[in-house]
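final12.txt, holding compact mmCIF, C-alpha atoms and all ligand atoms:
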```
# COMPACT_ATOMS: atom_id res chain seq x y z
CA MET A 9 5.70 15.01 -9.71
CA LEU A 10 2.54 12.99 -9.23
CA ASN A 11 2.83 10.87 -6.09
CA LEU A 12 -0.17 8.70 -5.29
CA VAL A 13 -0.68 6.82 -2.05
CA LEU A 14 -3.02 3.91 -2.79
CA PHE A 15 -4.56 3.00 0.53
CA GLY A 16 -7.07 0.53 1.92
CA PRO A 17 -7.45 -2.60 4.01
CA PRO A 18 -5.96 -5.96 2.98
CA GLY A 19 -7.95 -7.33 0.04
CA ALA A 20 -9.20 -3.89 -1.06
CA GLY A 21 -7.52 -4.29 -4.45
CA LYS A 22 -4.49 -2.04 -4.02
CA GLY A 23 -2.08 -4.26 -5.93
CA THR A 24 -4.45 -4.81 -8.86
CA GLN A 25 -5.39 -1.15 -9.16
CA ALA A 26 -1.83 0.12 -8.67
CA ILE A 27 -0.82 -1.67 -11.87
CA TYR A 28 -3.56 0.14 -13.83
CA LEU A 29 -2.76 3.53 -12.29
CA ALA A 30 0.97 3.13 -12.90
CA ARG A 31 0.27 2.38 -16.56
CA THR A 32 -2.28 5.17 -17.01
CA PHE A 33 -0.13 7.90 -15.46
CA ASN A 34 3.30 6.45 -16.25
CA LEU A 35 4.27 6.11 -12.59
CA VAL A 36 6.79 3.88 -10.85
CA HIS A 37 4.88 1.29 -8.80
CA LEU A 38 6.36 0.74 -5.34
CA SER A 39 4.79 -2.09 -3.33
CA THR A 40 6.48 -2.74 -0.01
CA GLY A 41 4.59 -6.05 0.24
CA ASP A 42 6.05 -7.16 -3.11
CA LEU A 43 9.54 -5.99 -2.08
CA LEU A 44 9.29 -7.97 1.16
CA ARG A 45 8.08 -11.07 -0.71
CA GLN A 46 11.08 -10.72 -3.05
CA GLU A 47 13.38 -10.72 -0.01
CA ILE A 48 11.63 -13.86 1.26
CA ALA A 49 12.00 -15.59 -2.12
CA ALA A 50 15.69 -14.66 -2.26
CA GLN A 51 16.12 -16.04 1.28
CA THR A 52 17.98 -12.98 2.52
CA ASP A 53 18.37 -12.16 6.22
CA LEU A 54 15.69 -9.52 5.85
CA GLY A 55 13.51 -12.07 4.08
CA ARG A 56 13.77 -14.47 7.01
CA ILE A 57 12.74 -11.74 9.46
CA ALA A 58 9.92 -10.57 7.18
CA ASN A 59 8.58 -14.07 6.62
CA GLU A 60 8.04 -14.65 10.29
CA ILE A 61 6.18 -11.37 10.70
CA ILE A 62 4.12 -11.55 7.50
CA SER A 63 2.97 -15.12 8.12
CA LYS A 64 1.39 -13.93 11.38
CA GLY A 65 -0.28 -10.98 9.66
CA GLU A 66 1.76 -8.48 11.67
CA LEU A 67 3.70 -5.44 10.45
CA VAL A 68 7.40 -5.30 9.70
CA PRO A 69 9.09 -2.56 11.80
CA ASP A 70 8.84 0.98 10.45
CA SER A 71 12.63 1.38 10.17
CA ILE A 72 12.88 -1.58 7.78
CA VAL A 73 10.13 -0.56 5.35
CA ILE A 74 11.11 3.11 5.48
CA SER A 75 14.67 2.31 4.45
CA MET A 76 13.38 0.09 1.64
CA ILE A 77 11.35 3.03 0.29
CA GLU A 78 14.25 5.41 0.86
CA SER A 79 16.58 3.34 -1.29
CA LYS A 80 13.98 3.15 -4.09
CA LEU A 81 13.49 6.94 -4.06
CA LYS A 82 17.25 7.48 -4.23
CA LYS A 83 17.51 5.92 -7.67
CA PRO A 84 18.43 8.91 -9.83
CA LYS A 85 16.08 7.90 -12.65
CA THR A 86 13.83 10.79 -13.61
CA THR A 87 10.23 9.79 -13.20
CA VAL A 88 6.83 11.37 -13.53
CA GLY A 89 6.08 10.11 -10.05
CA PHE A 90 5.39 7.14 -7.83
CA ILE A 91 2.47 5.07 -6.74
CA PHE A 92 2.87 3.78 -3.21
CA ASP A 93 0.96 0.52 -2.73
CA GLY A 94 0.70 -0.86 0.80
CA PHE A 95 2.91 1.90 2.19
CA PRO A 96 2.59 3.79 4.50
CA ARG A 97 1.13 1.27 6.97
CA THR A 98 1.55 3.39 10.12
CA VAL A 99 1.45 7.11 10.93
CA PRO A 100 5.24 7.19 11.52
CA GLN A 101 5.66 5.68 8.01
CA ALA A 102 3.39 8.40 6.57
CA LYS A 103 5.49 11.09 8.28
CA ALA A 104 8.72 9.49 7.06
CA LEU A 105 7.36 9.42 3.50
CA ASP A 106 6.63 13.15 3.71
CA ASP A 107 10.20 13.77 4.94
CA LEU A 108 11.73 11.62 2.20
CA LEU A 109 9.71 13.27 -0.56
CA ARG A 110 10.53 16.72 0.82
CA LYS A 111 14.22 15.87 0.45
CA HIS A 112 13.48 15.20 -3.21
CA HIS A 113 11.59 18.53 -3.43
CA SER A 114 8.33 16.67 -3.83
CA LYS A 115 5.24 15.64 -1.86
CA VAL A 116 2.29 13.26 -1.72
CA SER A 117 -0.30 14.50 -4.24
CA VAL A 118 -3.28 12.54 -2.95
CA MET A 119 -4.22 9.52 -0.85
CA LEU A 120 -6.74 7.34 -2.66
CA CYS A 121 -8.51 5.11 -0.16
CA LEU A 122 -10.27 2.01 -1.52
CA GLU A 123 -13.32 1.38 0.62
CA VAL A 124 -14.51 -2.23 0.97
CA GLU A 125 -16.42 -3.73 3.90
CA LYS A 126 -15.02 -6.48 6.08
CA GLU A 127 -17.12 -9.44 4.84
CA GLU A 128 -16.14 -8.72 1.24
CA LEU A 129 -12.45 -8.41 2.22
CA ILE A 130 -12.48 -11.77 3.98
CA GLY A 131 -14.12 -13.43 0.96
CA ARG A 132 -11.58 -11.91 -1.45
CA LEU A 133 -8.57 -12.86 0.68
CA PHE A 134 -9.78 -16.43 1.05
CA LYS A 135 -10.31 -16.68 -2.69
CA ARG A 136 -6.88 -15.19 -3.39
CA GLY A 137 -5.36 -17.66 -0.93
CA LEU A 138 -6.49 -20.56 -3.11
CA THR A 139 -4.16 -19.46 -5.90
CA SER A 140 -1.69 -16.84 -4.58
CA GLY A 141 0.46 -19.18 -2.54
CA ARG A 142 0.68 -16.35 0.00
CA CYS A 143 1.03 -17.74 3.50
CA ASP A 144 -0.86 -14.76 4.91
CA ASP A 145 -3.95 -15.48 2.77
CA ALA A 146 -4.10 -19.10 3.82
CA ASP A 147 -5.97 -19.22 7.11
CA ALA A 148 -8.87 -17.46 8.79
CA ALA A 149 -6.97 -16.39 11.90
CA THR A 150 -4.21 -14.66 9.92
CA ILE A 151 -6.72 -12.90 7.67
CA GLU A 152 -8.68 -11.73 10.70
CA ASN A 153 -5.48 -10.51 12.36
CA ARG A 154 -4.45 -8.53 9.28
CA ILE A 155 -7.78 -6.73 9.28
CA ASN A 156 -7.46 -6.00 13.00
CA VAL A 157 -3.91 -4.72 12.53
CA TYR A 158 -5.21 -2.52 9.71
CA ASN A 159 -7.93 -1.04 11.92
CA GLU A 160 -5.57 -0.48 14.84
CA LYS A 161 -2.33 0.67 13.23
CA THR A 162 -3.03 1.60 9.62
CA ALA A 163 -6.47 3.25 9.57
CA PRO A 164 -5.26 6.19 11.76
CA ILE A 165 -3.33 7.32 8.66
CA ILE A 166 -6.68 8.46 7.22
CA SER A 167 -6.88 11.41 9.65
CA TYR A 168 -3.25 12.22 8.95
CA TYR A 169 -3.98 12.79 5.25
CA GLU A 170 -7.45 14.21 5.90
CA SER A 171 -5.92 17.02 7.95
CA GLN A 172 -3.73 17.84 4.93
CA GLY A 173 -6.76 17.83 2.60
CA LYS A 174 -5.37 14.80 0.72
CA TYR A 175 -7.78 12.03 1.73
CA HIS A 176 -9.92 10.83 -1.17
CA PRO A 177 -12.21 7.83 -0.54
CA ILE A 178 -13.07 5.64 -3.54
CA HIS A 179 -15.82 3.02 -3.64
CA GLY A 180 -13.88 -0.25 -3.95
CA ILE A 181 -16.65 -2.64 -5.01
CA GLY A 182 -17.45 -3.40 -8.64
CA ALA A 183 -15.66 -4.60 -11.73
CA VAL A 184 -11.90 -4.07 -11.80
CA ASP A 185 -12.12 -1.65 -14.75
CA GLU A 186 -14.95 0.32 -13.13
CA ILE A 187 -12.86 0.85 -10.02
CA ALA A 188 -9.84 1.71 -12.16
CA ALA A 189 -11.94 4.40 -13.88
CA ARG A 190 -13.06 5.84 -10.53
CA LEU A 191 -9.44 6.07 -9.43
CA SER A 192 -8.11 7.64 -12.60
CA ASP A 193 -11.01 10.12 -12.71
CA ALA A 194 -10.10 11.17 -9.18
CA VAL A 195 -6.47 11.68 -10.21
CA GLU A 196 -7.43 13.65 -13.30
CA GLU A 197 -9.61 15.95 -11.20
CA LEU A 198 -6.63 16.94 -9.03
O1 LIG B 201 0.84 -4.73 1.06
P1 LIG B 201 0.66 -6.22 1.16
O2 LIG B 201 -0.73 -6.59 1.57
O3 LIG B 201 1.15 -6.93 -0.03
O4 LIG B 201 1.59 -6.67 2.37
C1 LIG B 201 1.65 -8.01 2.79
C2 LIG B 201 2.22 -8.07 4.18
O5 LIG B 201 3.51 -7.47 4.21
C3 LIG B 201 1.44 -7.31 5.24
O6 LIG B 201 0.34 -8.04 5.73
C4 LIG B 201 2.49 -7.08 6.29
O7 LIG B 201 2.72 -8.26 7.04
C5 LIG B 201 3.72 -6.82 5.44
N1 LIG B 201 3.94 -5.37 5.23
C6 LIG B 201 4.42 -4.61 6.28
N2 LIG B 201 4.64 -3.28 6.12
C7 LIG B 201 4.37 -2.68 4.94
C8 LIG B 201 3.87 -3.44 3.86
C9 LIG B 201 3.65 -4.80 4.04
O8 LIG B 201 4.65 -5.13 7.36
N3 LIG B 201 4.60 -1.35 4.81
MG MG B 202 -0.62 -5.81 -2.22
```

Take the structure in the file and write it out as structure tokens.
Ligand code: C5P
Ligand code: MG
Amino acid sequence: MLNLVLFGPPGAGKGTQAIYLARTFNLVHLSTGDLLRQEIAAQTDLGRIANEIISKGELVPDSIVISMIESKLKKPKTTVGFIFDGFPRTVPQAKALDDLLRKHHSKVSVMLCLEVEKEELIGRLFKRGLTSGRCDDADAATIENRINVYNEKTAPIISYYESQGKYHPIHGIGAVDEIAARLSDAVEEL
């Protein structure tokens, strides 16, 4: 199985690029952010909890997102593999993903890290906020907090994958199709 972790700060382009990669390599796209937004739209209990956390730019507890991923992996559909977009967000989530994949006799193939500097991220998130309707793209303080949360809680995942020889940085600035080509070249070189 080909299991890609698509990693990077908020606004790096994970969602956009995950769609391309999923199509190119015939993978199932799993976005925990999208799954949480679906819960919010459906006004479930989980959605109400998630909405409060997401609108502040904070992270939903590990146990919640891990069980969401667990239930998606359980689906008995045979698949070439998965692309994980926006998950893992913490080192415990990265460890849990390894455990879950091991149970399915599989593993993470590579972690592709989209690299984009802070000023560019802020500009992109602001611009997205004008059309996305996402409450967490709407104001400067929330955007700033998401980037801080990324640096504090999410970025340590880089060393986790680096120590396994799976960390693969990708330059995240340029045209969407240029970046898509960089990513798929990296996967093909595996
Ligand atoms: O991945 P995405 O940027 O779409 O996620 C949007 C928000 O969902 C995050 O800012 C965070 O509040 C929440 N989230 C989370 N844990 C994850 C994925 C997303 O808390 N694993
Ligand atoms: Mg996303």

Q | Point (-0.7, 1.9, 5.2) neighbourhood (12 Å, all atoms listed in the file) written as JSON, numbers by chain | A | {"A": [13, 14, 15, 16, 17, 18, 22, 39, 40, 41, 67, 68, 70, 73, 74, 92, 93, 94, 95, 96, 97, 98, 99, 100, 101, 102, 103, 105, 119, 120, 121, 122, 154, 155, 157, 158, 159, 160, 161, 162, 163, 164, 165, 166, 168, 169]}

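Comparing A:Gly65, A:Asp106, A:Gln25, A:Thr32 by their smallest distance to A:Ala149, the closest is A:Gly65 (using all atoms listed in the file).
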
Q: Could you give me, as an MDAnalysis selection string, the residues within 12 Å of A:Arg31, counting only C-alpha atoms and dropping anything in the same chain fewer than 5 positions from it?
A: chainID A and resid 24:26 36:37 88:91 188 192

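With only C-alpha atoms and all ligand atoms as the atoms that count, the residue of A:Leu133, A:Ala189, A:Ala104, A:Leu10 with the shortest distance to ligand MG 202 (chain B) is A:Leu133.
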
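Picture a line from atom CA of A:His176 to atom CA of A:Ala194; it runs 8.0 Å.
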
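Nearest-residue note for ligand LIG 201 (chain B): choosing from A:Val124, A:Leu54, A:Ile61, A:Ile178, the minimum distance belongs to A:Ile61, counting all atoms listed in the file.
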
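Shortest atom-to-atom contact with ligand MG 202 (chain B) among A:Thr86, A:Ser140, A:Gln51, A:Ser63: A:Ser140, counting all atoms listed in the file.
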
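Comparing A:Ser71, A:Ala50, A:Asp144, A:Glu127 by their smallest distance to ligand MG 202 (chain B), the closest is A:Asp144 (using all atoms listed in the file).
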
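When atom CA of A:Glu66 is paired with atom CA of A:Tyr28, their separation reads 27.4 Å.
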
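As for atom CA of A:Asn34 and atom CA of A:Thr87, they are spaced 8.3 Å apart.
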
Q: Name the closest residue to ligand LIG 201 (chain B) among the candidates A:Glu170, A:Asp145, A:Met9, A:Leu35; distances are taken between atoms, counting all atoms listed in the file.
A: A:Asp145

Rebuild stretch 28-47 of chain A to N, CA, C and O atoms - output it as a JSON list (two decimals), in the frame of the given file, please.
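Final output, part_8.json:
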```json
[["chain", "number", "residue", "atom", "x", "y", "z"],
["A", 28, "TYR", "N", -2.82, -0.70, -12.86],
["A", 28, "TYR", "CA", -3.56, 0.14, -13.83],
["A", 28, "TYR", "C", -3.13, 1.61, -13.73],
["A", 28, "TYR", "O", -2.87, 2.27, -14.74],
["A", 29, "LEU", "N", -3.09, 2.11, -12.49],
["A", 29, "LEU", "CA", -2.76, 3.53, -12.29],
["A", 29, "LEU", "C", -1.34, 3.84, -12.77],
["A", 29, "LEU", "O", -1.10, 4.88, -13.38],
["A", 30, "ALA", "N", -0.42, 2.92, -12.49],
["A", 30, "ALA", "CA", 0.97, 3.13, -12.90],
["A", 30, "ALA", "C", 1.04, 3.24, -14.42],
["A", 30, "ALA", "O", 1.74, 4.10, -14.97],
["A", 31, "ARG", "N", 0.27, 2.38, -15.10],
["A", 31, "ARG", "CA", 0.27, 2.38, -16.56],
["A", 31, "ARG", "C", -0.39, 3.66, -17.10],
["A", 31, "ARG", "O", 0.14, 4.31, -17.99],
["A", 32, "THR", "N", -1.54, 4.00, -16.53],
["A", 32, "THR", "CA", -2.28, 5.17, -17.01],
["A", 32, "THR", "C", -1.48, 6.46, -16.87],
["A", 32, "THR", "O", -1.48, 7.30, -17.76],
["A", 33, "PHE", "N", -0.80, 6.62, -15.72],
["A", 33, "PHE", "CA", -0.13, 7.90, -15.46],
["A", 33, "PHE", "C", 1.39, 7.78, -15.56],
["A", 33, "PHE", "O", 2.09, 8.72, -15.20],
["A", 34, "ASN", "N", 1.86, 6.64, -16.03],
["A", 34, "ASN", "CA", 3.30, 6.45, -16.25],
["A", 34, "ASN", "C", 4.12, 6.60, -14.97],
["A", 34, "ASN", "O", 5.14, 7.29, -14.94],
["A", 35, "LEU", "N", 3.63, 5.98, -13.91],
["A", 35, "LEU", "CA", 4.27, 6.11, -12.59],
["A", 35, "LEU", "C", 5.08, 4.86, -12.26],
["A", 35, "LEU", "O", 4.81, 3.78, -12.78],
["A", 36, "VAL", "N", 6.05, 5.03, -11.37],
["A", 36, "VAL", "CA", 6.79, 3.88, -10.85],
["A", 36, "VAL", "C", 5.98, 3.27, -9.69],
["A", 36, "VAL", "O", 5.60, 3.99, -8.76],
["A", 37, "HIS", "N", 5.69, 1.98, -9.80],
["A", 37, "HIS", "CA", 4.88, 1.29, -8.80],
["A", 37, "HIS", "C", 5.79, 0.75, -7.69],
["A", 37, "HIS", "O", 6.66, -0.07, -7.95],
["A", 38, "LEU", "N", 5.58, 1.24, -6.47],
["A", 38, "LEU", "CA", 6.36, 0.74, -5.34],
["A", 38, "LEU", "C", 5.45, 0.02, -4.35],
["A", 38, "LEU", "O", 4.63, 0.65, -3.67],
["A", 39, "SER", "N", 5.57, -1.29, -4.28],
["A", 39, "SER", "CA", 4.79, -2.09, -3.33],
["A", 39, "SER", "C", 5.73, -2.67, -2.29],
["A", 39, "SER", "O", 6.57, -3.51, -2.61],
["A", 40, "THR", "N", 5.60, -2.21, -1.06],
["A", 40, "THR", "CA", 6.48, -2.74, -0.01],
["A", 40, "THR", "C", 6.19, -4.22, 0.24],
["A", 40, "THR", "O", 7.10, -4.98, 0.54],
["A", 41, "GLY", "N", 4.92, -4.63, 0.08],
["A", 41, "GLY", "CA", 4.59, -6.05, 0.24],
["A", 41, "GLY", "C", 5.34, -6.90, -0.79],
["A", 41, "GLY", "O", 5.94, -7.92, -0.46],
["A", 42, "ASP", "N", 5.33, -6.44, -2.06],
["A", 42, "ASP", "CA", 6.05, -7.16, -3.11],
["A", 42, "ASP", "C", 7.55, -7.18, -2.83],
["A", 42, "ASP", "O", 8.21, -8.21, -3.01],
["A", 43, "LEU", "N", 8.10, -6.05, -2.37],
["A", 43, "LEU", "CA", 9.54, -5.99, -2.08],
["A", 43, "LEU", "C", 9.89, -6.96, -0.97],
["A", 43, "LEU", "O", 10.92, -7.66, -1.03],
["A", 44, "LEU", "N", 9.03, -7.02, 0.05],
["A", 44, "LEU", "CA", 9.29, -7.97, 1.16],
["A", 44, "LEU", "C", 9.20, -9.41, 0.67],
["A", 44, "LEU", "O", 10.02, -10.25, 1.05],
["A", 45, "ARG", "N", 8.21, -9.70, -0.19],
["A", 45, "ARG", "CA", 8.08, -11.07, -0.71],
["A", 45, "ARG", "C", 9.28, -11.44, -1.59],
["A", 45, "ARG", "O", 9.69, -12.60, -1.62],
["A", 46, "GLN", "N", 9.85, -10.44, -2.27],
["A", 46, "GLN", "CA", 11.08, -10.72, -3.05],
["A", 46, "GLN", "C", 12.24, -11.10, -2.13],
["A", 46, "GLN", "O", 13.04, -11.97, -2.45],
["A", 47, "GLU", "N", 12.32, -10.40, -0.99],
["A", 47, "GLU", "CA", 13.38, -10.72, -0.01],
["A", 47, "GLU", "C", 13.18, -12.15, 0.53],
["A", 47, "GLU", "O", 14.15, -12.88, 0.75]]
```
